[in-house]
Amino acid sequence: MKKMILASTSTIFGSKYLEYLFPVIKDLYQNCNNILFIPFARPNGISHNSYTKLVKTTFNKINLNITGINESNDPIDSIEKCDGIFIGGGNSFVLLDEIQKNKLSTPLKSKIESGTPFLGTSAGSNICGISIGTTNDMPILYPSSLNGLNIIPFNINPHYIDPIKGTKHMGESRETRIKEFHQFNNQLVIGLREGSYLEIKENDIILKGSYSAKIFKQNQDPFEINPSFNLNKLFN
């Protein structure tokens, strides 16, 4: 039975790191004593050790203990023995490259699908989809493939933002980029806005948070879904 929280972001405006998710995190990991953190995405280029230190300090505020996978000599064994997993945000290409180089895709997918509580933020959410083809990140590294863990049957576009009315910016909007993606790919994409997250329990995938999300399907006009919507309705 899958138990997952996939958040668009780790930090919302006006709050500290993960603070807005504290109640959700405490509930997710309430029975966990050995939570494994995977720092491979390296936001702002920080080291694995610095990222792990940040997460340890943050989780200590809500009386949860973290061990970094970077602190282990056997990452696969660490995955097998943990009772909770958190993959933080940063660069999706860097994250996926490290996971693939260490041959962690299959152990992670198996562990999460077996019911181990999982939290992903930003890039950590992105890799749970079919591919990372709808990330906003620059491809500063090239993984062996763009295939995600394929735990959820669609792609996520984290940090989704709408075009700003009256702006003079002439670059592509997120909607335009996703339409370009759908010229070559047919999977559903959810534009997940800041402060929103998906709560996954077994086969239910519920939109949570304060904002609606935008759904993109190939050859269809995009549409909004509201909080409490079960995304499984889109596949039945």
# chains A, B, ... in the order shown; residues from 1 in each chain; ligands from 1
$ select_by_dssp --residues "segment 15-174 of chain A" --states "strand (DSSP E)" --output "VMD selection string"
chain A and resid 35 to 38 66 to 68 84 to 87 118 to 121 155 to 157
$ write_last_selection --atoms "C-alpha atoms" --output "tab-separated table (two decimals), in the first residue's frame"
chain	number	residue	atom	x	y	z
A	35	ILE	CA	14.15	7.67	7.72
A	36	LEU	CA	16.57	7.77	4.81
A	37	PHE	CA	17.30	11.08	3.09
A	38	ILE	CA	18.61	11.18	-0.48
A	66	ILE	CA	17.25	11.36	9.48
A	67	THR	CA	20.16	9.40	8.03
A	68	GLY	CA	21.71	10.48	4.75
A	84	GLY	CA	10.88	5.91	5.52
A	85	ILE	CA	12.38	7.80	2.56
A	86	PHE	CA	12.70	11.48	1.68
A	87	ILE	CA	14.11	12.75	-1.62
A	118	PHE	CA	7.84	8.47	1.05
A	119	LEU	CA	8.16	12.24	0.79
A	120	GLY	CA	9.32	13.96	-2.37
A	121	THR	CA	9.70	17.68	-2.94
A	155	ASN	CA	4.37	13.41	-15.20
A	156	ILE	CA	4.63	16.32	-12.79
A	157	ASN	CA	5.56	19.89	-13.60
$ select_by_dssp --residues "segment 1-201 of chain A" --states "alpha helix (DSSP H)" --output "PyMOL selection string"
chain A and resi 22-28+48-60+75-81+92-101+105-113+123-126+174-181
$ residues_around --residues "Asn203 of chain A" --least-positions-apart "6" --cutoff "12 Å" --atoms "only C-alpha atoms" --output "list of chain:residue names"
A:Met1, A:Lys2, A:Lys3, A:Met4, A:Glu113, A:Gly115, A:Ile151, A:Ile152, A:Pro153, A:Asn230, A:Leu231, A:Asn232, A:Lys233, A:Phe235, A:Asn236
$ closest_residue --among "A:Thr52, A:Asn219, A:Ser92, A:Asn34" --to "Glu80 of chain A" --atoms "only C-alpha atoms"
A:Asn34
$ atom_distance --atom1 "atom CA of Ala213 of chain A" --atom2 "atom CA of Pro163 of chain A"
14.3 Å
$ atom_distance --atom1 "atom CA of Gln218 of chain A" --atom2 "atom CA of Arg193 of chain A"
20.2 Å
$ atom_distance --atom1 "atom CA of Lys201 of chain A" --atom2 "atom CA of Ile5 of chain A"
9.1 Å
$ residues_around --residues "segment 74-79 of chain A" --least-positions-apart "5" --cutoff "9 Å" --atoms "only C-alpha atoms" --output "list of chain:residue names"
A:Leu36, A:Ile69, A:Gly84, A:Ile85, A:Asn102, A:Lys103, A:Leu104, A:Pro107, A:Leu108, A:Lys111
$ closest_residue --among "A:Leu64, A:Val55, A:Cys128, A:Ile99" --to "Ser144 of chain A" --atoms "only C-alpha atoms"
A:Ile99
$ closest_residue --among "A:Lys81, A:His159, A:Lys101, A:His48" --to "Tyr211 of chain A" --atoms "only C-alpha atoms"
A:His159
$ residues_around --residues "Ser196 of chain A" --least-positions-apart "2" --cutoff "9 Å" --atoms "only C-alpha atoms" --output "list of chain:residue names"
A:Leu6, A:Ala7, A:Ser8, A:Thr9, A:Leu192, A:Arg193, A:Glu194, A:Leu198, A:Leu207, A:Lys208, A:Gly209, A:Ser210, A:Tyr211, A:Ser212, A:Ala213, A:Pro227
$ closest_residue --among "A:Asn91, A:Asn70, A:Asn185, A:Ser145" --to "Ser122 of chain A" --atoms "only C-alpha atoms"
A:Asn91
$ residues_around --residues "segment 170-174 of chain A" --least-positions-apart "5" --cutoff "12 Å" --atoms "only C-alpha atoms" --output "ChimeraX atom specification"
/A:134-136,156-165,179-181,189-193,214,216,222
$ write_last_selection --atoms "N, CA, C and O atoms" --output "compact mmCIF listing (two decimals), in the first residue's frame"
# COMPACT_ATOMS: atom_id res chain seq x y z
N THR A 134 9.25 16.85 -17.99
CA THR A 134 8.52 18.09 -17.75
C THR A 134 9.10 18.86 -16.57
O THR A 134 8.43 19.69 -15.96
N THR A 135 10.37 18.60 -16.24
CA THR A 135 11.05 19.39 -15.23
C THR A 135 11.32 20.80 -15.77
O THR A 135 11.33 21.01 -16.98
N ASN A 136 11.54 21.74 -14.85
CA ASN A 136 11.92 23.10 -15.23
C ASN A 136 13.43 23.29 -15.20
O ASN A 136 13.93 24.38 -15.48
N ILE A 156 4.87 15.12 -13.59
CA ILE A 156 4.63 16.32 -12.79
C ILE A 156 5.43 17.48 -13.36
O ILE A 156 6.57 17.31 -13.80
N ASN A 157 4.81 18.65 -13.38
CA ASN A 157 5.56 19.89 -13.60
C ASN A 157 5.51 20.67 -12.29
O ASN A 157 4.53 21.33 -11.99
N PRO A 158 6.57 20.55 -11.46
CA PRO A 158 6.57 21.26 -10.18
C PRO A 158 6.68 22.77 -10.38
O PRO A 158 7.12 23.25 -11.43
N HIS A 159 6.30 23.53 -9.37
CA HIS A 159 6.42 24.99 -9.38
C HIS A 159 5.63 25.61 -10.54
O HIS A 159 6.02 26.65 -11.07
N TYR A 160 4.54 24.97 -10.93
CA TYR A 160 3.79 25.47 -12.08
C TYR A 160 3.31 26.90 -11.83
O TYR A 160 2.77 27.21 -10.77
N ILE A 161 3.52 27.77 -12.81
CA ILE A 161 3.05 29.15 -12.73
C ILE A 161 2.29 29.50 -14.00
O ILE A 161 2.61 29.03 -15.09
N ASP A 162 1.27 30.34 -13.84
CA ASP A 162 0.48 30.80 -14.97
C ASP A 162 1.13 32.02 -15.60
O ASP A 162 1.88 32.75 -14.93
N PRO A 163 0.84 32.29 -16.86
CA PRO A 163 1.33 33.53 -17.48
C PRO A 163 0.86 34.74 -16.68
O PRO A 163 -0.29 34.79 -16.21
N ILE A 164 1.72 35.71 -16.50
CA ILE A 164 1.39 36.92 -15.74
C ILE A 164 0.79 37.94 -16.70
O ILE A 164 1.42 38.34 -17.69
N LYS A 165 -0.43 38.35 -16.40
CA LYS A 165 -1.11 39.30 -17.26
C LYS A 165 -0.36 40.62 -17.30
O LYS A 165 0.04 41.15 -16.27
N LYS A 179 2.92 21.92 -23.89
CA LYS A 179 2.35 21.62 -25.21
C LYS A 179 3.43 21.09 -26.15
O LYS A 179 3.17 20.19 -26.97
N GLU A 180 4.61 21.66 -26.07
CA GLU A 180 5.73 21.16 -26.88
C GLU A 180 6.08 19.72 -26.49
O GLU A 180 6.36 18.88 -27.35
N PHE A 181 6.07 19.45 -25.20
CA PHE A 181 6.33 18.10 -24.71
C PHE A 181 5.33 17.12 -25.31
O PHE A 181 5.69 15.99 -25.69
N VAL A 189 0.12 15.27 -17.80
CA VAL A 189 1.02 16.10 -17.00
C VAL A 189 0.17 16.93 -16.04
O VAL A 189 -0.85 17.51 -16.44
N ILE A 190 0.58 16.98 -14.78
CA ILE A 190 -0.09 17.85 -13.82
C ILE A 190 0.83 19.02 -13.49
O ILE A 190 1.99 18.83 -13.11
N GLY A 191 0.30 20.23 -13.68
CA GLY A 191 1.00 21.43 -13.27
C GLY A 191 0.69 21.69 -11.81
O GLY A 191 -0.42 22.09 -11.47
N LEU A 192 1.66 21.44 -10.94
CA LEU A 192 1.46 21.50 -9.50
C LEU A 192 1.99 22.83 -8.97
O LEU A 192 3.19 23.09 -9.03
N ARG A 193 1.09 23.66 -8.47
CA ARG A 193 1.46 25.00 -8.02
C ARG A 193 2.12 24.97 -6.64
O ARG A 193 1.96 24.04 -5.87
N LYS A 214 -3.32 22.25 -12.65
CA LYS A 214 -3.69 22.27 -14.07
C LYS A 214 -3.32 20.94 -14.71
O LYS A 214 -2.20 20.45 -14.53
N PHE A 216 -2.89 18.64 -18.11
CA PHE A 216 -2.59 18.70 -19.54
C PHE A 216 -2.64 17.29 -20.12
O PHE A 216 -1.98 16.38 -19.62
N PRO A 222 -6.11 22.24 -21.77
CA PRO A 222 -5.86 22.02 -20.34
C PRO A 222 -7.04 22.44 -19.49
O PRO A 222 -7.85 23.27 -19.90
$ closest_residue --among "A:Gly166, A:Gly89, A:Phe184, A:Asp221" --to "Asn44 of chain A" --atoms "only C-alpha atoms"
A:Gly89
$ residues_around --residues "Phe40 of chain A" --least-positions-apart "3" --cutoff "7 Å" --atoms "only C-alpha atoms" --output "PyMOL selection string"
chain A and resi 48+94-95+98
$ write_last_selection --atoms "C-alpha atoms" --output "JSON list (two decimals), in the first residue's frame"
[["chain", "number", "residue", "atom", "x", "y", "z"],
["A", 48, "HIS", "CA", 25.46, 16.08, -0.06],
["A", 94, "VAL", "CA", 21.62, 15.63, -11.30],
["A", 95, "LEU", "CA", 19.31, 13.61, -9.05],
["A", 98, "GLU", "CA", 23.17, 9.81, -9.41]]
$ closest_residue --among "A:Ser10, A:Ser105, A:Ser72, A:Asn31" --to "Thr58 of chain A" --atoms "only C-alpha atoms"
A:Ser10
